[in-house]
Amino acid sequence: MQLYNSLSRTKEEFIPHEAGKVSMYTCGPTVYHFAHIGNLRTYIMEDILDRYLRYSGYEVTRVMNITDVGHLTSDADEGEDKMLKGARREKKTVMEIAKFYTDKFFEDAEALNIRRPEVVEPATSCIDEFIRVIEGLLEKDFAYEAGGNIYFDTSKLKQYYVFNNFEEEDLAVGVRDGVEEDSNKRNKADFVLWFTKSKFDDQELKWNSPWGVGYPGWHIECSCISMKHLGGHLDIHCGGIDNAFPHHTNEIAQSEAYLGHKWCNYWFHVLHLNTNSGKMSKSKGEFLTVSLLKEKGFDPMVYRMFCLQSHYRKSLVFSWENMENMKIAYNKLVAKIATLKKDGDVDTAAFEELRAGFVKALDNDLNTSLAVTAIYDVLKAKTNDATKRALLADFDRVLCLDLLKKADELAEQTQEPAPTADDPFIREIEELIVARKEAKKAKNFAEADRIRNYLLEKGVTLVDTREGTTYKIDK
């Protein structure tokens, strides 16, 4: 498997630290608001990576943090805590906000078939770990105290800006207007490991520490939670491209300073979901959620397929028109699969040949676009329906688009009852279907609608398909 490593800026053969096992860390949500679908694109692509590693035979242990303290509104060390901002907005406590939006995040993840990681750890449960690592960094002279806060000293590193291939816009720290620069820092790039009340007196969550009552910075939590559950060697660290700097840069700095060796071998970054006006974000008012997609009539699987049609290292443009087109494509795909018969034996040779194309696509830096194309290749292949259904089931172990499930539901809904010569009701239905077809051909749509409505009153639902009209009799 070839995987693009953001750290080396090249595709590399994926070789885990321990043969057959993969340690994987995912930056989790800051639970102060709903996750928008731009956030969720990242989690979908990480989910595909996770599932494909398992599909390929690896034993994967995946860890995700829940940020419920310490993430400031600028992503650096300025502004107020996002959790406090959410609590003020909704007039609730920080912990009430954290519980509500954590639950909502996992509801959205479940709707999108994103599997829950083996370990999900909130930052507030790891205060002792944060303090221990910060003490270690102070002892090794990689950190200093100033103005009551503890800062990491970036001048002690041989190289700080490790992700230096990204566009300036991606590396920009989102400092808001009116925010004052922290004068306690020795170097502009230094970052906070621990805040005390000298920084924010109104912070709701605070803990005792050797440096005074306070709370951790955002960057320290991911390093500590990863090391707590996955040890000192991490195979893959995942996140959105906007986390590369400063968050992931700071994680590398503090983790390797503390451990004394290379910490993570592969960095997996997913690019932005954009709208026509630019990057999607909560602050711009373009707040598109899974709930909104559902309200507008979109199955969450349509959005998942929309994400898979593009490579994770390419920006993806969202529009309602694009979603409508994807909805049509998804429904056509389901309808085609619904015509496949369930009986017969699997042709092993054809199965392996078609599966090879799917594996080749995902082995090439997780090319989900070509993996989706492999589905269409299966449907066009000259092999029997049993083999096609077996392949689609196999592919969906990774893609998780629920294609067979939705197709079987559709087939059941549109299954035509077997007509009998002595059943006048069935004969009437079939005669009216023919009459309706003739009415539509003559552009007498009023008569066609009358027939449909008449049959509806009789408990018969007509289903128009490309192959013709079938019907379902309500029980």
# chains A, B, ... in the order shown; residues from 1 in each chain; ligands from 1
>>> residues_around(residues="Pro210 of chain A", least_positions_apart="4", cutoff="10 Å", atoms="only C-alpha atoms", output="PyMOL selection string")
chain A and resi 131+135+214
>>> residues_around(residues="Glu324 of chain A", least_positions_apart="6", cutoff="10 Å", atoms="only C-alpha atoms", output="compact mmCIF listing (two decimals) with C-alpha atoms, in the first residue's frame")
# COMPACT_ATOMS: atom_id res chain seq x y z
CA GLY A 297 -34.17 14.99 1.36
CA PHE A 298 -30.63 13.66 1.09
CA VAL A 302 -25.43 10.26 -0.81
CA TYR A 330 -26.70 6.93 -6.09
>>> select_by_dssp(residues="segment 179-394 of chain A", states="strand (DSSP E)", output="CSV table (one decimal) with C-alpha atoms, in the first residue's frame")
chain,number,residue,atom,x,y,z
A,191,PHE,CA,2.9,27.9,22.3
A,192,VAL,CA,1.1,27.4,25.6
A,193,LEU,CA,1.2,24.0,27.4
A,194,TRP,CA,-0.7,25.2,30.5
A,195,PHE,CA,-2.7,28.3,31.2
A,196,THR,CA,-3.3,29.7,34.6
A,214,GLY,CA,-5.5,26.5,35.5
A,215,TYR,CA,-6.1,24.3,32.4
A,216,PRO,CA,-4.2,22.6,29.6
A,234,LEU,CA,2.6,6.1,16.4
A,235,ASP,CA,2.0,4.7,12.9
A,236,ILE,CA,-0.6,7.1,11.4
A,237,HIS,CA,-1.8,10.5,12.7
A,238,CYS,CA,-4.9,11.8,10.8
A,239,GLY,CA,-6.6,15.2,10.6
A,240,GLY,CA,-7.8,18.0,8.4
A,264,CYS,CA,4.8,9.4,14.2
A,265,ASN,CA,5.8,7.9,10.9
A,266,TYR,CA,2.9,8.8,8.6
A,267,TRP,CA,0.7,12.0,8.5
A,268,PHE,CA,-2.6,11.7,6.7
A,269,HIS,CA,-4.3,15.1,5.9
A,270,VAL,CA,-7.6,15.6,4.3
A,273,LEU,CA,-14.6,21.0,1.6
A,274,ASN,CA,-15.3,24.3,0.0
A,275,THR,CA,-18.4,26.2,-1.1
A,278,GLY,CA,-14.4,29.4,-0.2
A,279,LYS,CA,-13.6,27.1,2.8
A,316,LEU,CA,-14.0,19.3,-2.9
A,317,VAL,CA,-16.6,21.9,-3.8
>>> residues_around(residues="Glu431 of chain A", least_positions_apart="6", cutoff="12 Å", atoms="only C-alpha atoms", output="MDAnalysis selection string")
chainID A and resid 419 424:425 437:438 451 455
>>> write_last_selection(atoms="C-alpha atoms", output="JSON list (two decimals), in the first residue's frame")
[["chain", "number", "residue", "atom", "x", "y", "z"],
["A", 419, "PRO", "CA", -50.59, -12.48, -11.48],
["A", 424, "PRO", "CA", -59.92, -10.11, -11.33],
["A", 425, "PHE", "CA", -58.17, -7.58, -9.09],
["A", 437, "LYS", "CA", -49.20, 3.92, -20.44],
["A", 438, "GLU", "CA", -51.36, 4.69, -23.47],
["A", 451, "ILE", "CA", -55.60, 6.04, -12.97],
["A", 455, "LEU", "CA", -55.29, 2.60, -7.81]]
>>> closest_residue(among="A:Lys11, A:Arg132, A:Arg304, A:His71", to="Met45 of chain A", atoms="only C-alpha atoms")
A:Arg304
>>> atom_distance(atom1="atom CA of Phe306 of chain A", atom2="atom CA of Cys400 of chain A")
12.8 Å
